[in-house]
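Colleague: The following file, query-v9.tsv, comprises TSV, C-alpha atoms:
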```tsv
chain	number	residue	atom	x	y	z
E	1	MET	CA	18.96	102.30	-86.44
E	2	THR	CA	21.56	103.02	-89.11
E	3	ALA	CA	24.16	100.48	-90.22
E	4	CYS	CA	26.82	102.49	-88.42
E	5	GLU	CA	24.84	102.47	-85.18
E	6	LYS	CA	24.33	98.74	-85.50
E	7	LYS	CA	28.07	98.27	-85.86
E	8	GLU	CA	28.70	100.38	-82.79
E	9	LEU	CA	26.08	98.49	-80.81
E	10	LEU	CA	27.71	95.17	-81.70
E	11	PHE	CA	31.15	96.53	-80.85
E	12	GLY	CA	29.85	97.67	-77.47
E	13	ILE	CA	28.33	94.25	-76.79
E	14	LYS	CA	31.60	92.59	-77.75
E	15	ARG	CA	33.59	94.83	-75.41
E	16	ALA	CA	31.33	93.75	-72.54
E	17	PHE	CA	32.72	90.22	-72.76
E	18	PRO	CA	35.29	90.38	-69.91
E	19	ILE	CA	32.85	92.34	-67.76
E	20	VAL	CA	30.25	89.60	-68.17
E	21	MET	CA	32.84	86.93	-67.35
E	22	GLY	CA	33.66	88.84	-64.20
E	23	TYR	CA	30.11	89.75	-63.20
E	24	VAL	CA	28.55	86.31	-63.53
E	25	PRO	CA	30.47	84.53	-60.75
E	26	VAL	CA	30.43	87.60	-58.50
E	27	GLY	CA	26.71	88.05	-59.16
E	28	PHE	CA	26.06	84.41	-58.25
E	29	ALA	CA	28.00	84.90	-55.03
E	30	LEU	CA	26.00	88.01	-54.16
E	31	GLY	CA	22.75	86.16	-54.88
E	32	VAL	CA	23.75	83.38	-52.50
E	33	LEU	CA	24.53	85.87	-49.73
E	34	ALA	CA	21.28	87.74	-50.40
E	35	ALA	CA	19.31	84.51	-50.06
E	36	ASP	CA	21.15	83.80	-46.79
E	37	ALA	CA	20.16	87.29	-45.60
E	38	GLY	CA	16.51	86.43	-46.24
E	39	LEU	CA	15.94	88.11	-49.60
E	40	THR	CA	13.88	86.34	-52.26
E	41	PRO	CA	15.26	86.01	-55.80
E	42	PHE	CA	12.74	88.69	-56.81
E	43	GLN	CA	13.96	91.10	-54.15
E	44	THR	CA	17.57	90.37	-55.05
E	45	GLY	CA	16.79	91.10	-58.68
E	46	MET	CA	15.00	94.33	-57.77
E	47	MET	CA	18.05	95.46	-55.83
E	48	SER	CA	20.33	94.75	-58.79
E	49	LEU	CA	17.92	96.41	-61.23
E	50	MET	CA	17.54	99.55	-59.14
E	51	VAL	CA	20.98	99.94	-57.55
E	52	TYR	CA	23.39	98.10	-59.88
E	53	ALA	CA	26.52	98.55	-57.79
E	54	GLY	CA	28.36	95.39	-56.81
E	55	SER	CA	30.38	96.38	-53.76
E	56	ALA	CA	27.54	98.48	-52.30
E	57	GLN	CA	25.16	95.55	-52.74
E	58	PHE	CA	27.54	93.17	-50.95
E	59	ILE	CA	27.80	95.63	-48.08
E	60	ALA	CA	24.03	96.21	-48.02
E	61	VAL	CA	23.29	92.49	-47.92
E	62	SER	CA	25.73	91.87	-45.09
E	63	MET	CA	24.33	94.87	-43.19
E	64	LEU	CA	20.79	93.52	-43.71
E	65	ALA	CA	21.90	90.15	-42.38
E	66	ALA	CA	23.36	91.90	-39.34
E	67	GLY	CA	20.12	93.80	-38.76
E	68	ALA	CA	21.39	97.30	-39.57
E	69	SER	CA	18.91	100.15	-40.01
E	70	TYR	CA	17.84	101.14	-43.50
E	71	LEU	CA	19.20	104.63	-42.96
E	72	ALA	CA	22.65	103.28	-42.08
E	73	ILE	CA	22.59	101.06	-45.19
E	74	ILE	CA	21.61	103.98	-47.43
E	75	ALA	CA	24.30	106.24	-45.95
E	76	THR	CA	26.95	103.56	-46.46
E	77	THR	CA	25.76	102.97	-50.03
E	78	PHE	CA	26.12	106.68	-50.71
E	79	LEU	CA	29.69	106.80	-49.42
E	80	VAL	CA	30.76	103.62	-51.17
E	81	ASN	CA	29.34	104.88	-54.47
E	82	LEU	CA	30.75	108.41	-54.34
E	83	ARG	CA	33.60	107.30	-56.57
E	84	HIS	CA	31.11	107.30	-59.46
E	85	LEU	CA	31.33	111.11	-59.35
E	86	LEU	CA	34.82	110.78	-60.71
E	87	PHE	CA	33.85	108.32	-63.45
E	88	SER	CA	30.89	110.43	-64.53
E	89	ALA	CA	33.03	113.57	-64.66
E	90	SER	CA	35.69	111.78	-66.72
E	91	LEU	CA	33.14	110.53	-69.24
E	92	SER	CA	31.32	113.86	-69.52
E	93	PRO	CA	33.47	115.34	-72.32
E	94	TYR	CA	32.67	112.26	-74.40
E	95	PHE	CA	28.94	112.65	-73.78
E	96	LYS	CA	28.97	116.15	-75.31
E	97	ASP	CA	28.00	115.05	-78.80
E	98	LEU	CA	25.37	112.56	-77.68
E	99	ASP	CA	21.68	113.44	-77.64
E	100	HIS	CA	21.54	115.03	-74.19
E	101	ARG	CA	18.24	113.35	-73.38
E	102	LEU	CA	20.14	110.04	-73.34
E	103	ILE	CA	22.63	111.12	-70.66
E	104	PRO	CA	20.30	110.29	-67.73
E	105	LEU	CA	19.87	106.79	-69.15
E	106	ILE	CA	23.50	106.11	-70.09
E	107	SER	CA	24.98	107.46	-66.87
E	108	PHE	CA	22.80	105.11	-64.81
E	109	TYR	CA	25.00	102.20	-65.99
E	110	ILE	CA	28.37	103.64	-64.93
E	111	THR	CA	30.29	101.12	-62.80
E	112	ASP	CA	33.98	100.55	-62.09
E	113	GLU	CA	34.14	98.05	-64.92
E	114	SER	CA	31.94	99.77	-67.52
E	115	PHE	CA	33.81	103.02	-66.87
E	116	ALA	CA	37.17	101.31	-67.27
E	117	VAL	CA	36.29	99.83	-70.65
E	118	SER	CA	34.42	102.82	-72.08
E	119	ILE	CA	36.97	105.47	-71.08
E	120	THR	CA	39.62	103.46	-72.94
E	121	ASP	CA	37.41	103.08	-76.01
E	122	VAL	CA	36.27	106.71	-76.24
E	123	LYS	CA	39.85	107.94	-76.03
E	124	GLU	CA	40.70	105.80	-79.03
E	125	LYS	CA	37.79	106.91	-81.23
E	126	VAL	CA	34.54	108.88	-81.05
E	127	ARG	CA	31.72	106.59	-79.93
E	128	GLY	CA	28.00	107.14	-80.29
E	129	TYR	CA	25.11	106.27	-78.02
E	130	ALA	CA	24.72	102.79	-79.56
E	131	TYR	CA	28.20	101.84	-78.38
E	132	PHE	CA	27.46	102.95	-74.81
E	133	LEU	CA	24.13	101.15	-74.70
E	134	GLY	CA	25.63	97.97	-76.17
E	135	LEU	CA	28.42	97.85	-73.62
E	136	TYR	CA	26.47	99.12	-70.63
E	137	VAL	CA	23.19	97.25	-71.03
E	138	THR	CA	24.95	93.94	-71.72
E	139	SER	CA	26.98	94.33	-68.52
E	140	TYR	CA	23.86	95.39	-66.61
E	141	LEU	CA	21.78	92.41	-67.74
E	142	SER	CA	24.53	89.94	-66.89
E	143	TRP	CA	24.71	91.38	-63.37
E	144	VAL	CA	20.96	91.40	-62.76
E	145	LEU	CA	20.44	87.90	-64.11
E	146	SER	CA	23.38	86.34	-62.30
E	147	THR	CA	22.32	87.78	-58.93
E	148	VAL	CA	18.78	86.42	-59.42
E	149	LEU	CA	20.13	83.00	-60.42
E	150	GLY	CA	22.49	83.02	-57.45
E	151	ALA	CA	19.61	83.75	-55.08
E	152	ALA	CA	17.41	81.09	-56.68
E	153	PHE	CA	19.86	78.27	-57.29
E	154	GLY	CA	22.81	79.11	-55.05
E	155	SER	CA	23.62	75.58	-54.04
E	156	LEU	CA	23.65	74.26	-57.61
E	157	ILE	CA	26.32	76.61	-58.86
E	158	PRO	CA	29.61	75.03	-59.89
E	159	ASP	CA	32.96	76.38	-58.77
E	160	THR	CA	33.72	78.99	-61.42
E	161	ARG	CA	37.19	79.54	-59.99
E	162	ALA	CA	38.27	76.23	-61.50
E	163	LEU	CA	37.56	77.82	-64.88
E	164	GLY	CA	39.65	80.91	-64.20
E	165	PHE	CA	36.73	83.33	-63.86
E	166	ASP	CA	38.30	84.91	-60.79
E	167	PHE	CA	40.92	86.45	-63.05
E	168	ALA	CA	38.42	87.95	-65.55
E	169	LEU	CA	38.11	91.35	-63.88
E	170	PRO	CA	41.71	91.67	-62.65
E	171	GLY	CA	42.84	90.66	-66.16
E	172	MET	CA	40.59	93.30	-67.66
E	173	PHE	CA	41.88	96.01	-65.31
E	174	LEU	CA	45.44	94.94	-66.10
E	175	ALA	CA	44.89	95.12	-69.87
E	176	LEU	CA	43.18	98.51	-69.67
E	177	LEU	CA	45.86	99.85	-67.35
E	178	CYS	CA	48.56	98.86	-69.83
E	179	MET	CA	46.69	100.79	-72.51
E	180	GLN	CA	46.60	103.89	-70.31
E	181	ILE	CA	50.32	103.92	-69.47
E	182	LYS	CA	51.63	105.99	-72.34
E	183	ASP	CA	54.60	107.75	-70.73
E	184	GLY	CA	56.67	107.90	-67.57
E	185	LYS	CA	54.28	110.26	-65.82
E	186	LYS	CA	51.38	107.88	-66.32
E	187	ALA	CA	53.50	104.95	-65.14
E	188	PHE	CA	54.37	106.92	-62.02
E	189	ALA	CA	50.70	107.76	-61.50
E	190	ALA	CA	49.81	104.06	-61.78
E	191	LEU	CA	52.35	103.10	-59.13
E	192	MET	CA	51.26	105.91	-56.84
E	193	ALA	CA	47.52	105.24	-57.17
E	194	GLY	CA	47.99	101.50	-56.67
E	195	GLY	CA	50.10	102.04	-53.56
E	196	LEU	CA	47.71	104.64	-52.13
E	197	SER	CA	44.74	102.40	-52.83
E	198	LEU	CA	46.28	99.58	-50.79
E	199	PHE	CA	47.25	102.04	-48.07
E	200	PHE	CA	43.75	103.50	-47.74
E	201	LEU	CA	42.20	100.06	-47.85
E	202	TRP	CA	44.36	99.21	-44.88
E	203	VAL	CA	43.89	102.37	-42.77
E	204	LEU	CA	40.30	103.39	-43.61
E	205	PRO	CA	37.20	101.22	-43.45
E	206	GLY	CA	34.44	101.67	-46.00
E	207	ASN	CA	35.82	101.48	-49.56
E	208	TRP	CA	37.35	104.95	-49.65
E	209	ASN	CA	40.50	103.61	-51.26
E	210	VAL	CA	39.61	104.03	-54.95
E	211	ILE	CA	38.29	107.57	-54.79
E	212	LEU	CA	40.97	108.86	-52.40
E	213	ALA	CA	43.86	107.25	-54.27
E	214	SER	CA	42.55	108.53	-57.60
E	215	VAL	CA	41.85	112.08	-56.47
E	216	ILE	CA	45.27	112.44	-54.84
E	217	THR	CA	47.07	110.94	-57.82
E	218	ALA	CA	45.16	113.00	-60.39
E	219	ALA	CA	45.90	116.16	-58.38
E	220	MET	CA	49.55	115.22	-58.49
E	221	GLY	CA	49.17	114.69	-62.23
E	222	VAL	CA	47.97	118.29	-62.58
E	223	LEU	CA	51.14	119.46	-60.80
E	224	LEU	CA	53.29	117.23	-63.03
E	225	GLU	CA	51.75	118.75	-66.16
E	226	ARG	CA	52.61	122.32	-65.16
R	227	MET	CA	8.61	86.90	-47.09
R	228	ASN	CA	9.94	87.44	-43.61
R	229	GLY	CA	11.45	90.35	-41.73
R	230	HIS	CA	12.40	92.68	-44.57
R	231	LYS	CA	9.45	95.05	-44.36
R	232	ASN	CA	9.34	98.02	-46.67
R	233	LEU	CA	12.37	96.70	-48.50
R	234	LEU	CA	11.28	98.78	-51.46
R	235	LEU	CA	11.94	101.92	-49.41
R	236	LEU	CA	15.49	100.76	-48.75
R	237	LEU	CA	16.01	99.97	-52.43
R	238	LEU	CA	14.64	103.35	-53.50
R	239	GLY	CA	17.00	105.09	-51.09
R	240	MET	CA	19.98	103.07	-52.26
R	241	ALA	CA	19.03	103.64	-55.90
R	242	LEU	CA	18.78	107.40	-55.43
R	243	VAL	CA	22.09	107.87	-53.61
R	244	THR	CA	23.82	105.67	-56.19
R	245	TYR	CA	22.25	107.29	-59.24
R	246	LEU	CA	22.88	110.93	-58.35
R	247	PRO	CA	26.72	110.72	-58.28
R	248	ARG	CA	26.56	108.86	-61.60
R	249	LEU	CA	24.26	111.43	-63.17
R	250	MET	CA	25.19	114.88	-61.89
R	251	PRO	CA	28.77	115.36	-63.19
R	252	ALA	CA	27.79	114.02	-66.62
R	253	MET	CA	24.74	116.29	-66.79
R	254	ILE	CA	26.52	119.40	-65.57
R	255	LEU	CA	29.92	119.03	-67.22
R	256	SER	CA	28.74	117.81	-70.65
R	257	ARG	CA	26.95	121.15	-71.18
R	258	ARG	CA	29.93	123.42	-70.81
R	259	ASN	CA	33.62	123.75	-71.48
R	260	ILE	CA	35.59	122.27	-68.65
R	261	PRO	CA	38.37	124.47	-67.20
R	262	GLU	CA	41.87	123.49	-68.27
R	263	VAL	CA	42.95	122.41	-64.80
R	264	LEU	CA	40.03	120.00	-64.54
R	265	VAL	CA	40.86	118.59	-67.99
R	266	LYS	CA	44.38	117.81	-66.77
R	267	PHE	CA	42.99	116.34	-63.59
R	268	LEU	CA	40.58	114.11	-65.50
R	269	GLU	CA	43.39	113.09	-67.82
R	270	TYR	CA	44.95	111.24	-64.86
R	271	VAL	CA	41.74	109.71	-63.54
R	272	PRO	CA	41.57	106.57	-65.73
R	273	VAL	CA	45.13	105.41	-65.07
R	274	SER	CA	44.70	106.12	-61.35
R	275	VAL	CA	41.34	104.40	-61.06
R	276	LEU	CA	42.50	101.33	-62.97
R	277	SER	CA	45.56	100.91	-60.81
R	278	ALA	CA	43.57	101.62	-57.63
R	279	LEU	CA	41.12	98.88	-58.63
R	280	LEU	CA	43.71	96.41	-59.92
R	281	LEU	CA	46.12	96.23	-57.00
R	282	PRO	CA	43.58	95.36	-54.30
R	283	SER	CA	41.86	92.93	-56.71
R	284	ILE	CA	45.04	90.85	-57.04
R	285	LEU	CA	46.77	91.45	-53.70
R	286	VAL	CA	43.95	91.28	-51.18
R	287	VAL	CA	42.88	87.70	-50.57
R	288	GLU	CA	40.22	87.08	-47.94
R	289	GLY	CA	40.73	90.52	-46.41
R	290	LYS	CA	44.52	90.28	-46.12
R	291	ILE	CA	47.32	91.47	-48.34
R	292	ASN	CA	49.11	88.46	-49.80
R	293	PHE	CA	52.26	89.70	-51.47
R	294	SER	CA	53.88	86.33	-52.14
R	295	LEU	CA	54.17	83.64	-54.75
R	296	SER	CA	51.51	81.63	-52.95
R	297	ASN	CA	48.94	84.10	-54.30
R	298	PRO	CA	47.81	82.78	-57.72
R	299	LEU	CA	46.17	86.08	-58.70
R	300	LEU	CA	49.46	87.91	-58.15
R	301	VAL	CA	51.54	85.30	-59.99
R	302	THR	CA	49.08	85.27	-62.88
R	303	SER	CA	49.18	89.07	-63.08
R	304	LEU	CA	52.98	89.07	-63.15
R	305	LEU	CA	52.96	86.50	-65.95
R	306	THR	CA	50.17	88.24	-67.87
R	307	PHE	CA	51.62	91.75	-67.54
R	308	PRO	CA	54.21	91.52	-70.35
R	309	LEU	CA	51.59	89.99	-72.64
R	310	ALA	CA	49.09	92.71	-71.77
R	311	TYR	CA	51.66	95.42	-72.31
R	312	ARG	CA	52.65	94.11	-75.74
R	313	MET	CA	49.26	93.04	-77.05
R	314	LYS	CA	47.25	96.06	-75.86
R	315	ASN	CA	44.24	93.85	-76.36
R	316	MET	CA	41.70	93.42	-73.60
R	317	PHE	CA	40.08	90.26	-74.92
R	318	LEU	CA	43.33	88.34	-75.51
R	319	THR	CA	44.78	89.49	-72.18
R	320	VAL	CA	41.77	88.25	-70.25
R	321	ILE	CA	41.75	84.91	-72.04
R	322	ALA	CA	45.53	84.46	-71.58
R	323	GLY	CA	45.25	85.32	-67.89
R	324	MET	CA	42.36	82.92	-67.34
R	325	VAL	CA	44.28	80.09	-69.03
R	326	ILE	CA	47.37	80.86	-66.92
R	327	ILE	CA	45.46	80.86	-63.64
R	328	VAL	CA	43.69	77.58	-64.47
R	329	VAL	CA	47.05	75.98	-65.25
R	330	LEU	CA	48.58	77.39	-62.06
R	331	ASN	CA	45.70	76.23	-59.88
R	332	ARG	CA	45.67	72.81	-61.39
R	333	PHE	CA	49.31	71.91	-61.85
R	334	VAL	CA	51.44	74.05	-59.57
```
Rewrite the coordinates I just gave you, this time as structure tokens.
Modeller:
Amino acid sequence: MTACEKKELLFGIKRAFPIVMGYVPVGFALGVLAADAGLTPFQTGMMSLMVYAGSAQFIAVSMLAAGASYLAIIATTFLVNLRHLLFSASLSPYFKDLDHRLIPLISFYITDESFAVSITDVKEKVRGYAYFLGLYVTSYLSWVLSTVLGAAFGSLIPDTRALGFDFALPGMFLALLCMQIKDGKKAFAALMAGGLSLFFLWVLPGNWNVILASVITAAMGVLLER
Amino acid sequence: MNGHKNLLLLLLGMALVTYLPRLMPAMILSRRNIPEVLVKFLEYVPVSVLSALLLPSILVVEGKINFSLSNPLLVTSLLTFPLAYRMKNMFLTVIAGMVIIVVLNRFV
């Protein structure tokens, strides 16, 4: 690894900080629910290792607890995680100069949070594979470990809300959003997408809000740019 | 272990349907030039996604929209917003917001 790659790796790890702060308490909470649903810490960890998708895992665990069929859980997981299509497509231009053999590895780690941070960083400056792995793998490990710990030691976990952890992810989204609002059109898009997201959350079950709000708003953005 | 037989099958299914939407656009689109209209579309995706994630994360408390000053996440966001907008710094914004919400929860 060259000195430059090392620097990028460290930068990526550093940028994972708010994600880790957000994932740890949520991961604990998921682990506790998974244990309640009858999963062992090992099984909980396997789910996080293989699936790595917070909201889908929460839904899967509650469906398991309710005795849903595996097919229904898989179908729901698919729908809930369709929004990753959008994240993957948005990152694709910035993957162009990477070694293409690494794309299957790097894209595995795309989540709401890792997408949000990396899309902001790649727009600022060209980033190599070491940056992506630093950011993505750090976030991934914090999620996997915290879900296992939650499943194993659920009852021993202190109230992280008293330490402000519940604002880690909203704070991160807020900061990144402010960096994206560069003109009036983007500010309008932010208002529209936020409003639509709440609307769809209210009228449609099943986590469609993010993908629907974003697709509609981005389509409107295309019209605005004409 | 109890009733969760063949859990590995479930996990494999979940893993596959989660991985493919993450992988396919990156694989397909990173190999070619994206049409101009899609570039413009993707230009608006980050701002839309961030706002679509942020608003429910601060307004929806226990499954209900709480648009009032009794919602500490909302109040903290309103107080943090000007800082975030001026600093343009993720780390400092998150720290400032976490300090604000601790103070709010403890003293207000």
Colleague: If I take CA of Ile181 (chain E) and CA of Ser274 (chain R), how far is one from the other in Å, to one decimal?
Modeller: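 Rounded to one decimal, the two atoms are 10.1 Å apart.
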Colleague: Counting only C-alpha atoms, note down every residue that has an atom within 10 Å of the point (28.3, 105.4, -81.9) (file coordinates), as an mmCIF file with C-alpha atoms, in the coordinates of the input.
Modeller:
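Produced file part_25.cif, reproduced below:
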```cif
data_model
loop_
_atom_site.group_PDB
_atom_site.id
_atom_site.type_symbol
_atom_site.label_atom_id
_atom_site.label_comp_id
_atom_site.auth_asym_id
_atom_site.auth_seq_id
_atom_site.Cartn_x
_atom_site.Cartn_y
_atom_site.Cartn_z
ATOM 1 C CA CYS E 4 26.820 102.490 -88.420
ATOM 2 C CA GLU E 5 24.840 102.470 -85.180
ATOM 3 C CA LYS E 6 24.330 98.740 -85.500
ATOM 4 C CA LYS E 7 28.070 98.270 -85.860
ATOM 5 C CA GLU E 8 28.700 100.380 -82.790
ATOM 6 C CA LEU E 9 26.080 98.490 -80.810
ATOM 7 C CA PHE E 11 31.150 96.530 -80.850
ATOM 8 C CA GLY E 12 29.850 97.670 -77.470
ATOM 9 C CA LEU E 98 25.370 112.560 -77.680
ATOM 10 C CA VAL E 122 36.270 106.710 -76.240
ATOM 11 C CA LYS E 125 37.790 106.910 -81.230
ATOM 12 C CA VAL E 126 34.540 108.880 -81.050
ATOM 13 C CA ARG E 127 31.720 106.590 -79.930
ATOM 14 C CA GLY E 128 28.000 107.140 -80.290
ATOM 15 C CA TYR E 129 25.110 106.270 -78.020
ATOM 16 C CA ALA E 130 24.720 102.790 -79.560
ATOM 17 C CA TYR E 131 28.200 101.840 -78.380
ATOM 18 C CA PHE E 132 27.460 102.950 -74.810
ATOM 19 C CA LEU E 133 24.130 101.150 -74.700
ATOM 20 C CA GLY E 134 25.630 97.970 -76.170
#
```
Colleague: Which residue gives the smallest distance to chain R among E:Leu91, E:Leu102, E:Val148, E:Ala65, with all atoms listed in the file counted?
Modeller: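 Answer, going by the shortest atom-to-atom distance: E:Leu91.
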Colleague: Give me the residues within 12 Å of Leu295 (chain R) as a ChimeraX atom specification, counting all atoms listed in the file and dropping any in the same chain fewer than 5 places off.
Modeller: /R:284-285,300-305,330,334
Colleague: In Å, how far is it from CA of Gly67 (chain E) to CA of Gly38 (chain E)?
Modeller: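 Between these atoms lies a distance of 11.1 Å.
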Colleague: With a cut-off of 7 Å and counting all atoms listed in the file, select all residues of chain E in contact with chain R and give the selection as a ChimeraX atom specification.
Modeller: /E:18,47,50-51,70,74,77-78,81-82,84-85,88-93,95-96,103-104,107-108,110,116,162-165,167-168,170-181,186,189-190,193-194,197-198,210,213-214,217-219,221-222
Colleague: Which residue, E:Leu71, E:Met21, E:Leu49, E:Leu156, has the smallest gap to Val137 (chain E) when you use all atoms listed in the file?
Modeller: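 Nearest candidate to Val137 (chain E) out of E:Leu71, E:Met21, E:Leu49, E:Leu156: E:Leu49.
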Colleague: Using the incomplete input, complete region 52-80 of chain E to the level of N, CA and C atoms; output as a short mmCIF file (atom, residue, chain, number, x, y, z; two decimals), keeping the file's coordinate frame.
Modeller:
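Output file result.cif is given in full below:
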```cif
data_model
loop_
_atom_site.label_atom_id
_atom_site.label_comp_id
_atom_site.auth_asym_id
_atom_site.auth_seq_id
_atom_site.Cartn_x
_atom_site.Cartn_y
_atom_site.Cartn_z
N TYR E 52 22.33 98.47 -58.94
CA TYR E 52 23.39 98.10 -59.88
C TYR E 52 24.75 98.62 -59.44
N ALA E 53 25.21 98.15 -58.29
CA ALA E 53 26.52 98.55 -57.79
C ALA E 53 27.04 97.42 -56.91
N GLY E 54 27.95 96.62 -57.46
CA GLY E 54 28.36 95.39 -56.81
C GLY E 54 28.81 95.53 -55.37
N SER E 55 29.84 96.36 -55.13
CA SER E 55 30.38 96.38 -53.76
C SER E 55 29.35 96.93 -52.78
N ALA E 56 28.57 97.94 -53.20
CA ALA E 56 27.54 98.48 -52.30
C ALA E 56 26.49 97.41 -51.99
N GLN E 57 26.16 96.59 -52.98
CA GLN E 57 25.16 95.55 -52.74
C GLN E 57 25.69 94.48 -51.78
N PHE E 58 26.95 94.12 -51.90
CA PHE E 58 27.54 93.17 -50.95
C PHE E 58 27.46 93.73 -49.52
N ILE E 59 27.82 95.01 -49.40
CA ILE E 59 27.80 95.63 -48.08
C ILE E 59 26.37 95.70 -47.55
N ALA E 60 25.43 96.09 -48.43
CA ALA E 60 24.03 96.21 -48.02
C ALA E 60 23.49 94.87 -47.54
N VAL E 61 23.81 93.81 -48.29
CA VAL E 61 23.29 92.49 -47.92
C VAL E 61 23.87 92.04 -46.57
N SER E 62 25.16 92.30 -46.36
CA SER E 62 25.73 91.87 -45.09
C SER E 62 25.20 92.74 -43.95
N MET E 63 24.92 94.01 -44.22
CA MET E 63 24.33 94.87 -43.19
C MET E 63 22.89 94.43 -42.88
N LEU E 64 22.15 94.05 -43.92
CA LEU E 64 20.79 93.52 -43.71
C LEU E 64 20.83 92.28 -42.83
N ALA E 65 21.79 91.39 -43.15
CA ALA E 65 21.90 90.15 -42.38
C ALA E 65 22.24 90.45 -40.92
N ALA E 66 22.97 91.55 -40.71
CA ALA E 66 23.36 91.90 -39.34
C ALA E 66 22.30 92.77 -38.66
N GLY E 67 21.21 93.05 -39.36
CA GLY E 67 20.12 93.80 -38.76
C GLY E 67 20.34 95.30 -38.67
N ALA E 68 21.15 95.85 -39.59
CA ALA E 68 21.39 97.30 -39.57
C ALA E 68 20.13 98.06 -39.99
N SER E 69 20.06 99.33 -39.61
CA SER E 69 18.91 100.15 -40.01
C SER E 69 19.03 100.52 -41.48
N TYR E 70 17.84 100.78 -42.09
CA TYR E 70 17.84 101.14 -43.50
C TYR E 70 18.63 102.43 -43.73
N LEU E 71 18.51 103.36 -42.80
CA LEU E 71 19.20 104.63 -42.96
C LEU E 71 20.72 104.43 -42.99
N ALA E 72 21.21 103.55 -42.12
CA ALA E 72 22.65 103.28 -42.08
C ALA E 72 23.09 102.63 -43.40
N ILE E 73 22.24 101.74 -43.93
CA ILE E 73 22.59 101.06 -45.19
C ILE E 73 22.63 102.08 -46.34
N ILE E 74 21.66 102.98 -46.35
CA ILE E 74 21.61 103.98 -47.43
C ILE E 74 22.81 104.93 -47.34
N ALA E 75 23.15 105.34 -46.12
CA ALA E 75 24.30 106.24 -45.95
C ALA E 75 25.58 105.56 -46.41
N THR E 76 25.74 104.29 -46.05
CA THR E 76 26.95 103.56 -46.46
C THR E 76 27.00 103.40 -47.97
N THR E 77 25.84 103.10 -48.56
CA THR E 77 25.76 102.97 -50.03
C THR E 77 26.22 104.27 -50.69
N PHE E 78 25.75 105.38 -50.15
CA PHE E 78 26.12 106.68 -50.71
C PHE E 78 27.63 106.88 -50.68
N LEU E 79 28.24 106.60 -49.55
CA LEU E 79 29.69 106.80 -49.42
C LEU E 79 30.46 105.86 -50.34
N VAL E 80 30.04 104.60 -50.35
CA VAL E 80 30.76 103.62 -51.17
C VAL E 80 30.66 103.98 -52.65
#
```
